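For reference, query-v7.txt (compact mmCIF, C-alpha atoms and all ligand atoms):
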# COMPACT_ATOMS: atom_id res chain seq x y z
CA MET A 202 276.89 49.12 205.23
CA VAL A 203 274.82 47.58 202.39
CA THR A 204 274.50 43.81 202.83
CA LYS A 205 271.70 43.07 200.40
CA ILE A 206 270.57 44.39 197.03
CA THR A 207 267.95 43.48 194.42
CA VAL A 208 268.38 44.28 190.73
CA VAL A 209 265.92 43.66 187.91
CA ALA A 210 267.14 43.11 184.33
CA PRO A 211 265.07 42.94 181.14
CA SER A 212 264.61 40.27 178.52
CA SER A 213 266.30 40.98 175.19
CA THR A 214 266.35 39.96 171.57
CA ALA A 215 269.69 39.29 169.87
CA ASN A 216 270.79 39.48 166.23
CA LEU A 217 267.79 41.41 164.78
CA GLY A 218 268.34 39.41 161.60
CA PRO A 219 271.64 40.36 159.95
CA GLY A 220 273.40 41.49 163.17
CA PHE A 221 274.40 38.02 164.37
CA ASP A 222 276.31 38.25 167.68
CA VAL A 223 276.51 42.04 167.17
CA PHE A 224 273.04 43.54 167.72
CA GLY A 225 270.90 43.36 170.84
CA LEU A 226 267.74 45.12 171.94
CA ALA A 227 266.33 45.20 175.47
CA VAL A 228 262.59 44.47 175.45
CA ASP A 229 260.10 45.21 178.20
CA ALA A 230 258.41 41.81 178.02
CA PHE A 231 259.89 40.13 181.14
CA TYR A 232 262.33 40.99 183.95
CA ASP A 233 264.52 38.66 186.03
CA GLU A 234 265.07 39.62 189.66
CA VAL A 235 268.38 38.86 191.37
CA THR A 236 269.02 39.54 195.07
CA LEU A 237 272.59 39.34 196.36
CA THR A 238 273.10 38.99 200.12
CA LYS A 239 276.52 39.08 201.78
CA LYS A 240 277.13 36.05 204.00
CA LYS A 241 279.73 35.29 206.65
CA THR A 242 280.54 31.88 205.12
CA LYS A 243 282.88 31.90 202.12
CA LYS A 244 280.32 30.12 199.95
CA VAL A 245 278.47 31.26 196.85
CA SER A 246 275.01 29.71 196.88
CA ILE A 247 271.95 29.90 194.64
CA VAL A 248 268.42 30.07 195.97
CA THR A 249 265.64 29.73 193.41
CA GLU A 250 262.33 28.04 192.88
CA ASP A 251 262.80 28.01 189.11
CA ASP A 252 264.04 25.23 186.86
CA ILE A 253 267.60 26.47 186.37
CA PRO A 254 270.93 25.04 187.55
CA LYS A 255 271.59 25.54 191.27
CA ASN A 256 275.31 24.89 190.99
CA PRO A 257 276.87 28.42 190.80
CA GLU A 258 279.37 27.24 188.14
CA LYS A 259 276.49 26.18 185.90
CA ASN A 260 274.22 29.14 186.55
CA THR A 261 274.84 32.33 184.59
CA ALA A 262 274.35 34.57 187.66
CA GLY A 263 276.51 32.27 189.79
CA LEU A 264 279.38 32.31 187.31
CA VAL A 265 279.29 36.12 187.15
CA VAL A 266 279.38 36.48 190.94
CA LYS A 267 282.20 33.92 191.31
CA ASN A 268 284.28 35.78 188.73
CA MET A 269 283.64 39.16 190.31
CA ILE A 270 284.57 37.87 193.79
CA LYS A 271 287.84 36.56 192.34
CA LYS A 272 288.59 39.75 190.40
CA PHE A 273 287.81 42.19 193.22
CA LYS A 274 289.12 39.90 195.99
CA THR A 275 286.03 40.46 198.15
CA LYS A 276 285.97 38.40 201.32
CA ASP A 277 282.28 37.60 201.88
CA GLY A 278 280.26 34.65 200.75
CA ILE A 279 277.21 35.57 198.64
CA GLU A 280 273.73 34.15 198.49
CA ILE A 281 272.19 34.67 195.05
CA LYS A 282 268.40 34.61 195.05
CA ILE A 283 266.97 34.39 191.54
CA LYS A 284 263.37 34.97 190.56
CA LYS A 285 263.04 34.04 186.91
CA ASN A 286 260.45 35.77 184.82
CA VAL A 287 262.18 35.54 181.44
CA PRO A 288 261.33 32.04 180.13
CA ALA A 289 264.60 30.07 179.81
CA GLY A 290 265.62 28.75 176.41
CA TYR A 291 263.17 30.68 174.19
CA GLY A 292 265.52 33.23 172.62
CA MET A 293 264.45 36.00 174.97
CA GLY A 294 267.83 36.38 176.66
CA SER A 295 266.86 34.55 179.82
CA SER A 296 270.32 33.38 180.81
CA ALA A 297 271.62 36.87 179.99
CA ALA A 298 269.02 38.67 182.14
CA SER A 299 270.18 36.77 185.24
CA ALA A 300 273.83 37.41 184.37
CA ALA A 301 273.21 41.13 183.75
CA ALA A 302 271.26 41.54 186.99
CA ALA A 303 274.01 39.73 188.92
CA ALA A 304 276.82 41.92 187.50
CA VAL A 305 274.94 45.16 188.18
CA ALA A 306 273.91 43.98 191.68
CA PHE A 307 277.52 43.05 192.58
CA ASP A 308 278.70 46.45 191.33
CA LYS A 309 276.13 48.23 193.53
CA LEU A 310 276.68 45.97 196.56
CA TYR A 311 280.41 46.76 196.66
CA LYS A 312 280.08 50.32 195.25
CA LEU A 313 282.53 49.50 192.45
CA ARG A 314 281.14 52.11 189.99
CA LEU A 315 282.22 50.04 186.98
CA ASP A 316 281.62 51.52 183.53
CA GLY A 317 279.20 49.99 181.02
CA ASN A 318 281.83 48.02 179.08
CA SER A 319 283.19 46.45 182.29
CA LEU A 320 279.72 45.46 183.50
CA VAL A 321 278.98 43.88 180.13
CA ARG A 322 282.33 42.03 180.20
CA PHE A 323 281.51 40.46 183.58
CA ALA A 324 277.92 39.68 182.59
CA GLY A 325 279.19 38.05 179.37
CA ILE A 326 281.24 35.53 181.36
CA GLY A 327 277.92 34.18 182.65
CA GLU A 328 276.85 33.12 179.15
CA LYS A 329 279.53 30.42 179.26
CA ALA A 330 277.26 28.58 181.69
CA SER A 331 274.41 28.45 179.19
CA ALA A 332 275.75 28.75 175.65
CA GLY A 333 279.19 27.26 176.24
CA THR A 334 280.85 30.37 174.83
CA ILE A 335 280.92 34.03 175.79
CA HIS A 336 278.74 36.24 173.64
CA TYR A 337 277.73 39.74 174.55
CA ASP A 338 274.67 40.72 172.46
CA ASN A 339 271.99 39.79 175.02
CA VAL A 340 273.93 40.79 178.13
CA ALA A 341 274.89 44.17 176.64
CA ALA A 342 271.22 44.94 175.93
CA SER A 343 270.12 43.67 179.33
CA VAL A 344 272.79 45.65 181.24
CA LEU A 345 272.58 48.92 179.29
CA GLY A 346 269.04 48.87 177.85
CA GLY A 347 268.03 50.10 174.39
CA PHE A 348 269.73 49.01 171.17
CA VAL A 349 273.35 47.90 171.37
CA ILE A 350 276.12 47.20 168.89
CA VAL A 351 278.82 44.86 170.20
CA ARG A 352 282.42 45.23 169.06
CA THR A 353 284.98 42.80 170.44
CA ASN A 354 288.79 42.82 170.73
CA PRO A 355 288.66 45.09 172.61
CA LEU A 356 285.10 44.91 173.90
CA ASP A 357 283.34 48.15 173.10
CA ILE A 358 279.57 48.53 173.27
CA ILE A 359 277.81 51.29 171.37
CA LYS A 360 274.35 52.08 172.71
CA ILE A 361 271.66 53.89 170.75
CA ASP A 362 268.34 54.99 172.26
CA PRO A 363 265.61 53.32 170.19
CA PRO A 364 262.61 55.21 168.82
CA THR A 365 260.00 55.34 171.59
CA HIS A 366 257.26 54.33 169.15
CA LEU A 367 259.06 51.14 168.08
CA ARG A 368 256.97 48.06 168.92
CA MET A 369 257.77 44.38 168.81
CA CYS A 370 255.35 41.51 168.71
CA ILE A 371 256.99 38.36 170.04
CA ALA A 372 255.46 34.93 169.56
CA VAL A 373 256.80 32.41 172.07
CA PRO A 374 255.84 28.90 170.88
CA LYS A 375 255.03 26.16 173.38
CA LEU A 376 257.83 23.87 172.24
CA ILE A 377 260.05 21.75 174.43
CA VAL A 378 263.47 23.33 174.03
CA PRO A 379 266.64 21.30 174.50
CA LYS A 380 268.94 22.25 177.36
CA LYS A 381 271.89 24.14 175.87
CA LYS A 382 269.64 25.14 172.97
CA THR A 383 271.89 28.08 172.04
CA LYS A 384 274.84 25.71 171.70
CA VAL A 385 272.75 23.39 169.48
CA SER A 386 271.49 26.20 167.26
CA ARG A 387 274.98 27.66 166.90
CA GLY A 388 276.01 24.30 165.45
CA VAL A 389 273.80 24.69 162.33
CA ILE A 390 275.28 28.02 161.24
CA PRO A 391 277.30 27.76 158.00
CA LYS A 392 281.07 27.78 158.47
CA LYS A 393 281.56 29.50 155.12
CA ILE A 394 279.39 32.13 153.45
CA SER A 395 279.39 33.70 150.02
CA PHE A 396 280.75 37.17 149.43
CA ALA A 397 277.38 38.21 147.93
CA ASP A 398 275.50 37.10 151.05
CA SER A 399 277.90 38.95 153.32
CA ILE A 400 277.27 42.14 151.32
CA THR A 401 273.49 41.69 151.53
CA ASN A 402 273.64 41.23 155.30
CA LEU A 403 276.06 44.12 155.72
CA SER A 404 273.78 46.48 153.78
CA ASN A 405 270.78 45.45 155.90
CA ALA A 406 272.69 45.63 159.18
CA THR A 407 273.96 49.13 158.45
CA ALA A 408 270.43 50.21 157.47
CA ILE A 409 269.17 48.92 160.84
CA VAL A 410 271.71 51.15 162.59
CA ALA A 411 270.57 54.08 160.44
CA GLY A 412 266.97 53.26 161.42
CA PHE A 413 267.83 53.43 165.12
CA LEU A 414 269.77 56.67 164.68
CA ASN A 415 266.97 58.26 162.64
CA LYS A 416 264.31 56.92 165.06
CA ASP A 417 262.60 55.24 162.12
CA PRO A 418 260.81 51.93 163.02
CA GLU A 419 259.93 51.30 159.38
CA LEU A 420 263.55 51.46 158.23
CA ILE A 421 264.56 49.20 161.15
CA GLY A 422 261.86 46.64 160.38
CA LYS A 423 262.30 46.63 156.61
CA SER A 424 266.04 46.04 157.04
CA ILE A 425 265.55 42.99 159.27
CA LYS A 426 266.51 40.63 156.46
CA ASP A 427 269.08 37.94 157.01
CA VAL A 428 270.22 35.65 154.20
CA ILE A 429 272.81 33.78 156.27
CA VAL A 430 271.66 32.60 159.71
CA GLU A 431 267.85 32.62 159.42
CA PRO A 432 267.78 30.24 156.41
CA ALA A 433 270.08 27.83 158.29
CA ARG A 434 268.02 27.88 161.49
CA LYS A 435 264.41 28.25 160.42
CA HIS A 436 263.83 24.49 160.05
CA MET A 437 264.29 24.26 163.83
CA ILE A 438 261.07 26.26 164.32
CA PRO A 439 257.99 24.43 162.99
CA GLY A 440 255.67 26.88 161.23
CA PHE A 441 258.29 29.66 161.01
CA SER A 442 257.70 30.53 157.34
CA LYS A 443 253.94 30.81 157.86
CA VAL A 444 254.37 32.90 161.03
CA LYS A 445 256.63 35.28 159.13
CA GLU A 446 254.41 35.48 156.06
CA ASN A 447 251.28 36.10 158.18
CA ALA A 448 252.93 38.83 160.29
CA LEU A 449 254.19 40.66 157.19
CA LYS A 450 250.72 40.44 155.61
CA ALA A 451 249.23 41.86 158.84
CA GLY A 452 251.46 44.93 158.58
CA ALA A 453 254.73 44.06 160.35
CA PHE A 454 257.75 45.83 158.80
CA GLY A 455 260.09 42.88 159.36
CA VAL A 456 260.12 39.46 161.03
CA THR A 457 262.93 37.17 162.16
CA ILE A 458 264.00 34.62 164.76
CA SER A 459 264.56 36.15 168.20
CA GLY A 460 268.12 35.25 169.17
CA ALA A 461 268.62 31.51 168.76
CA GLY A 462 264.83 30.97 168.75
CA PRO A 463 262.33 29.43 168.91
CA SER A 464 260.54 32.76 169.59
CA VAL A 465 259.76 34.80 166.49
CA ILE A 466 259.84 38.59 166.60
CA ALA A 467 257.98 41.06 164.39
CA PHE A 468 258.88 44.76 164.28
CA SER A 469 256.33 47.53 163.88
CA LYS A 470 255.37 50.86 165.44
CA SER A 471 252.81 52.03 167.98
CA SER A 472 250.28 53.22 165.41
CA GLU A 473 250.18 49.83 163.65
CA ASN A 474 247.57 47.24 164.55
CA ASN A 475 249.86 45.15 166.72
CA LYS A 476 247.07 42.90 168.02
CA LYS A 477 246.38 41.92 164.42
CA ILE A 478 250.05 41.08 163.92
CA GLY A 479 250.02 38.96 167.10
CA LEU A 480 246.94 37.10 165.95
CA ALA A 481 248.47 36.49 162.53
CA MET A 482 251.58 35.00 164.18
CA THR A 483 249.41 32.76 166.40
CA LYS A 484 247.63 31.48 163.29
CA GLY A 485 250.99 30.81 161.67
CA PHE A 486 252.03 28.57 164.56
CA ASP A 487 248.54 27.02 164.50
CA SER A 488 249.27 25.80 160.97
CA ALA A 489 252.06 23.65 162.46
CA LYS A 490 249.76 22.62 165.36
CA ILE A 491 251.79 24.59 167.86
CA GLU A 492 250.36 26.86 170.53
CA CYS A 493 252.07 30.13 171.22
CA HIS A 494 251.93 33.08 173.55
CA THR A 495 252.25 36.53 171.99
CA ILE A 496 253.53 39.66 173.71
CA ILE A 497 253.44 43.17 172.32
CA CYS A 498 256.30 45.14 173.79
CA LYS A 499 258.49 48.25 173.63
CA PRO A 500 262.23 48.71 174.05
CA SER A 501 263.34 48.58 177.70
CA ILE A 502 265.79 50.43 179.90
CA GLY A 503 268.70 48.42 181.30
CA ALA A 504 269.24 46.62 184.60
CA SER A 505 268.39 48.73 187.65
CA ILE A 506 267.89 48.50 191.40
CA LYS A 507 264.39 47.25 192.21
CA LYS A 508 262.28 50.08 193.56
P1 LIG A 601 268.04 32.00 176.43
O1 LIG A 601 267.85 32.60 175.10
O2 LIG A 601 266.76 31.91 177.19
O3 LIG A 601 269.13 32.61 177.22
P2 LIG A 601 269.75 29.69 176.33
O4 LIG A 601 269.44 28.36 175.73
O5 LIG A 601 270.93 30.41 175.85
O6 LIG A 601 268.41 30.50 176.15
O7 LIG A 601 269.90 29.54 177.89
C1 LIG A 601 269.08 28.74 178.62
C2 LIG A 601 269.93 27.66 179.27
O8 LIG A 601 270.79 28.26 180.22
C3 LIG A 601 269.09 26.64 179.99
O9 LIG A 601 269.62 25.36 179.72
C4 LIG A 601 269.30 26.96 181.46
O10 LIG A 601 269.23 25.85 182.28
C5 LIG A 601 270.70 27.60 181.47
N1 LIG A 601 270.86 28.59 182.55
C6 LIG A 601 271.87 28.66 183.42
N2 LIG A 601 271.68 29.66 184.31
C7 LIG A 601 270.54 30.26 183.97
C8 LIG A 601 269.83 31.35 184.51
N3 LIG A 601 270.24 32.00 185.59
N4 LIG A 601 268.69 31.69 183.90
C9 LIG A 601 268.25 31.00 182.80
N5 LIG A 601 268.88 29.97 182.26
C10 LIG A 601 270.02 29.57 182.84

Show how you would write the structure in this file as structure tokens.
Amino acid sequence: MVTKITVVAPSSTANLGPGFDVFGLAVDAFYDEVTLTKKKTKKVSIVTEDDIPKNPEKNTAGLVVKNMIKKFKTKDGIEIKIKKNVPAGYGMGSSAASAAAAAVAFDKLYKLRLDGNSLVRFAGIGEKASAGTIHYDNVAASVLGGFVIVRTNPLDIIKIDPPTHLRMCIAVPKLIVPKKKTKVSRGVIPKKISFADSITNLSNATAIVAGFLNKDPELIGKSIKDVIVEPARKHMIPGFSKVKENALKAGAFGVTISGAGPSVIAFSKSSENNKKIGLAMTKGFDSAKIECHTIICKPSIGASIKK
């Protein structure tokens, strides 16, 4: 009988510009590690050395496990050990990586053999603990890997394998991020948008999908243009306009905010000079006197048992 399992789940970037709450991409920059151990006591407990909530109701992995215990009427208590590697609050899908790893680990621990949509549904519940609302873009990418399109009512995730030569350069600024940052940055999004803007974003979003289907990093990157959410949020990231301008000048195909920020993500391909793009982004943040850490990464596979 299996009593313990460890699953790793990747970081992810949500939105990709015009695909707000719809697009997600798993990125091989960081991986959270979640170990579930069955316990004789009825309790759900969190063990972690990282700066995240230890109350299971307030932790994304804890909320997922509590919901799955309730749904599947399992009798054991569960200890959830979390090793964070995805930095929390930087728009890299940190809360989602823990939630995704927890849902996949629970599925394996109890041999439930849930399908992708069900795993994503459970993982999505976890986001309530961080963002205040359920949203599936990051968890879908982290559970399934690759590029995902989220449709809701009913939840239906479409996964597309990204081009293997797609590269992302992510600049993570050293900014102090507020707790519940996603909730805060959702608050600045316009309640009403113009018909013309919705058409612009729709045309770019559909071109991104075509880029993934055609395995064309240039089409993906050049379509990462968002006239609705990025303009409303960019003031929250000091130096954003310069970071974007510099990365585009250095050869990036497209640049936008990663998820709810403050990380900025540039899209390119393996044959581009990605180090130059990273350096250009660093200089952009320098102009606002902000240090940043840049990572050049590829798309990732989804959550899996740790080997
Ligand atoms: P991110 O893009 O990194 O997911 P969010 O702001 O949405 O950023 O989530 C980070 C918030 O979620 C932090 O306030 C953090 O304390 C909370 N949180 C709850 N559980 C976790 C977890 N297991 N991992 C990371 N953050 C968590």

**Request:** Go through A:Pro432, A:Gly412, A:Gly422, A:Gly462 and flag the residue nearest A:Ile390, using only C-alpha atoms for the distances.
**Result:**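 Among A:Pro432, A:Gly412, A:Gly422, A:Gly462, it is A:Pro432 that comes nearest to A:Ile390.
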
**Request:** Could you pull out the residues sitting within 7 Å of ligand LIG 601 (chain A), using only C-alpha atoms and all ligand atoms, and write them as a PyMOL selection string?
**Result:** chain A and resi 252-254+259-262+285+288-297+299-300+330-332+380-383+460-461

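You can rank A:Asp398, A:Ile478, A:Val287, A:Phe323 by their closest distance to A:Lys272 using all atoms listed in the file, and at the top of that list sits A:Phe323.
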
**Request:** Point out the residue among A:Val349, A:Ile247, A:Ile458, A:Ile496 with the least atom-to-atom distance to A:Val235, counting all atoms listed in the file.
**Result:**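 Result for the nearest residue to A:Val235: A:Ile247.
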
Please return the centre and edge lengths, in Å to one decimal, of a box with edges along x, y and z that contains all listed atoms of stretch 453-460 of chain A, widened by 3 Å on every side, as lines of an AutoDock Vina configuration file.
center_x = 261.4
center_y = 40.2
center_z = 164.0
size_x = 19.4
size_y = 17.2
size_z = 16.4

**Selection: 10 Å around A:Lys375, all atoms listed in the file, excl. self and same-chain fewer than 2 positions, as a PyMOL selection string** = chain A and resi 291+372-373+377-378+463-464+486+491-494

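Proximity to A:Thr207 was assessed for A:Glu234, A:Glu250, A:Asp316, A:Asp357 counting only C-alpha atoms; the smallest distance is recorded for A:Glu234.
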
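Contact shell of A:Lys445 at 9 Å (all atoms listed in the file; same-chain neighbours under 6 positions omitted): A:Gly455, A:Val456, A:Thr457, A:Val465, A:Ile466, A:Ala467, A:Ala481, A:Met482, A:Gly485.
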
**Request:** Could you give me, as a ChimeraX atom specification, the residues that sit within 6 Å of (277.4, 33.9, 182.0) in the file's coordinates, counting all atoms listed in the file?
**Result:** /A:261,264-265,300,324-330

Hey, can you spit out that residue selection with C-alpha atoms as a compact mmCIF listing (two decimals), keeping the file's coordinate frame?
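Okay, this is what ended up in out.txt:
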# COMPACT_ATOMS: atom_id res chain seq x y z
CA THR A 261 274.84 32.33 184.59
CA LEU A 264 279.38 32.31 187.31
CA VAL A 265 279.29 36.12 187.15
CA ALA A 300 273.83 37.41 184.37
CA ALA A 324 277.92 39.68 182.59
CA GLY A 325 279.19 38.05 179.37
CA ILE A 326 281.24 35.53 181.36
CA GLY A 327 277.92 34.18 182.65
CA GLU A 328 276.85 33.12 179.15
CA LYS A 329 279.53 30.42 179.26
CA ALA A 330 277.26 28.58 181.69

**Prompt:** Counting only C-alpha atoms, which of A:Val385, A:Ile283, A:Leu367, A:Ala298 gets nearest to A:Tyr337?
**Reply:** A:Ala298

**Interatomic distance, atom CA of A:Ala408 to atom CA of A:Ser459 (Å, one decimal)** = 18.6 Å

For the interface of stretch 324-403 of chain A with stretch 208-216 of chain A (cut-off 8 Å, counting only C-alpha atoms), please tabulate each contacting residue of stretch 324-403 of chain A alongside its nearest pair of atoms and their separation in Å to one decimal, rows sorted by chain and increasing number, as CSV.
residue,atom,partner,partner_atom,distance
A:Asp338,CA,A:Ala215,CA,5.8
A:Asn339,CA,A:Ala215,CA,5.7
A:Ala342,CA,A:Ser213,CA,6.4
A:Ser343,CA,A:Pro211,CA,5.4
A:Val344,CA,A:Ala210,CA,6.9
A:Gly346,CA,A:Pro211,CA,7.9

**Prompt:** If we count only C-alpha atoms, what is near A:Ile358 at a cut-off of 7 Å, once residues fewer than 5 positions away on the same chain are taken out, given as a list in words?
**Reply:** Asn318, Val349, Ile350, Val351 and Arg352 of chain A

Write out, as an mmCIF file, keeping the file's coordinate frame, the residues just selected, with C-alpha atoms.
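Output contents, as saved in selection.cif:
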data_model
loop_
_atom_site.group_PDB
_atom_site.id
_atom_site.type_symbol
_atom_site.label_atom_id
_atom_site.label_comp_id
_atom_site.auth_asym_id
_atom_site.auth_seq_id
_atom_site.Cartn_x
_atom_site.Cartn_y
_atom_site.Cartn_z
ATOM 1 C CA ASN A 318 281.830 48.020 179.080
ATOM 2 C CA VAL A 349 273.350 47.900 171.370
ATOM 3 C CA ILE A 350 276.120 47.200 168.890
ATOM 4 C CA VAL A 351 278.820 44.860 170.200
ATOM 5 C CA ARG A 352 282.420 45.230 169.060
#

**Message:** Quick check, in Å to one decimal: how far apart do atom CA of A:Ile400 and atom CA of A:Ser424 lie?
**Reply:**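 Interatomic distance, atom CA of A:Ile400 to atom CA of A:Ser424: 13.2 Å.
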
**Message:** With only C-alpha atoms as the counted atoms, please give the residues lying no more than 7 Å from A:Thr242, apart from itself and same-chain residues fewer than 2 positions off, as a ChimeraX atom specification.
**Reply:** /A:240,244,277-278

**Å distance separating atom CA of A:Ser404 from atom CA of A:Pro355, one decimal place** =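 According to the coordinates, atom CA of A:Ser404 and atom CA of A:Pro355 are separated by 24.0 Å.
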
**Asked** Quick one: of A:Arg314, A:Lys450, A:Lys477, A:Lys392, who's nearest to A:Cys370, counting only C-alpha atoms?
**Response** A:Lys477

**Request:** Would you list the residues near (270.2, 53.0, 164.6) (no more than 12 Å away, in the coordinates of the file, using all atoms listed in the file) as a PyMOL selection string?
**Result:** chain A and resi 217+224-226+347-350+359-364+367+405-422+424

As an mmCIF file, in the frame of the given file, the rebuilt stretch 439-447 of chain A with all heavy atoms:
data_model
loop_
_atom_site.group_PDB
_atom_site.id
_atom_site.type_symbol
_atom_site.label_atom_id
_atom_site.label_comp_id
_atom_site.auth_asym_id
_atom_site.auth_seq_id
_atom_site.Cartn_x
_atom_site.Cartn_y
_atom_site.Cartn_z
ATOM 1 N N PRO A 439 259.121 24.852 163.825
ATOM 2 C CA PRO A 439 257.990 24.430 162.990
ATOM 3 C C PRO A 439 257.020 25.588 162.782
ATOM 4 O O PRO A 439 256.670 26.283 163.740
ATOM 5 C CB PRO A 439 257.335 23.307 163.814
ATOM 6 C CG PRO A 439 258.293 22.951 164.885
ATOM 7 C CD PRO A 439 259.225 24.097 165.077
ATOM 8 N N GLY A 440 256.636 25.815 161.533
ATOM 9 C CA GLY A 440 255.670 26.880 161.230
ATOM 10 C C GLY A 440 256.292 28.237 160.999
ATOM 11 O O GLY A 440 255.597 29.213 160.698
ATOM 12 N N PHE A 441 257.634 28.341 161.097
ATOM 13 C CA PHE A 441 258.290 29.660 161.010
ATOM 14 C C PHE A 441 257.898 30.447 159.755
ATOM 15 O O PHE A 441 257.541 31.629 159.840
ATOM 16 C CB PHE A 441 259.821 29.517 161.075
ATOM 17 C CG PHE A 441 260.522 30.832 160.850
ATOM 18 C CD1 PHE A 441 260.620 31.764 161.870
ATOM 19 C CD2 PHE A 441 261.042 31.173 159.601
ATOM 20 C CE1 PHE A 441 261.224 32.998 161.658
ATOM 21 C CE2 PHE A 441 261.647 32.400 159.378
ATOM 22 C CZ PHE A 441 261.743 33.310 160.413
ATOM 23 N N SER A 442 257.956 29.792 158.584
ATOM 24 C CA SER A 442 257.700 30.530 157.340
ATOM 25 C C SER A 442 256.295 31.111 157.312
ATOM 26 O O SER A 442 256.086 32.242 156.865
ATOM 27 C CB SER A 442 257.912 29.624 156.129
ATOM 28 O OG SER A 442 259.256 29.209 156.122
ATOM 29 N N LYS A 443 255.334 30.350 157.828
ATOM 30 C CA LYS A 443 253.940 30.810 157.860
ATOM 31 C C LYS A 443 253.784 31.964 158.869
ATOM 32 O O LYS A 443 253.081 32.943 158.595
ATOM 33 C CB LYS A 443 253.046 29.616 158.233
ATOM 34 C CG LYS A 443 251.616 29.795 157.878
ATOM 35 C CD LYS A 443 251.361 29.669 156.379
ATOM 36 C CE LYS A 443 249.965 30.160 156.044
ATOM 37 N NZ LYS A 443 249.865 30.709 154.690
ATOM 38 N N VAL A 444 254.448 31.846 160.007
ATOM 39 C CA VAL A 444 254.370 32.900 161.030
ATOM 40 C C VAL A 444 254.890 34.207 160.435
ATOM 41 O O VAL A 444 254.276 35.275 160.559
ATOM 42 C CB VAL A 444 255.222 32.525 162.282
ATOM 43 C CG1 VAL A 444 255.265 33.670 163.289
ATOM 44 C CG2 VAL A 444 254.677 31.266 162.949
ATOM 45 N N LYS A 445 256.005 34.099 159.733
ATOM 46 C CA LYS A 445 256.630 35.280 159.130
ATOM 47 C C LYS A 445 255.713 35.884 158.055
ATOM 48 O O LYS A 445 255.448 37.094 158.060
ATOM 49 C CB LYS A 445 257.991 34.883 158.539
ATOM 50 C CG LYS A 445 258.738 36.032 157.914
ATOM 51 C CD LYS A 445 260.164 35.640 157.595
ATOM 52 C CE LYS A 445 260.875 36.784 156.883
ATOM 53 N NZ LYS A 445 262.305 36.553 156.732
ATOM 54 N N GLU A 446 255.263 35.026 157.150
ATOM 55 C CA GLU A 446 254.410 35.480 156.060
ATOM 56 C C GLU A 446 253.151 36.178 156.604
ATOM 57 O O GLU A 446 252.783 37.275 156.166
ATOM 58 C CB GLU A 446 254.023 34.242 155.235
ATOM 59 C CG GLU A 446 253.278 34.508 153.953
ATOM 60 C CD GLU A 446 252.716 33.192 153.384
ATOM 61 O OE1 GLU A 446 253.438 32.181 153.366
ATOM 62 O OE2 GLU A 446 251.540 33.193 152.996
ATOM 63 N N ASN A 447 252.512 35.545 157.602
ATOM 64 C CA ASN A 447 251.280 36.100 158.180
ATOM 65 C C ASN A 447 251.536 37.464 158.831
ATOM 66 O O ASN A 447 250.747 38.396 158.679
ATOM 67 C CB ASN A 447 250.734 35.165 159.272
ATOM 68 C CG ASN A 447 250.048 33.949 158.687
ATOM 69 O OD1 ASN A 447 250.019 33.790 157.473
ATOM 70 N ND2 ASN A 447 249.514 33.096 159.536
#
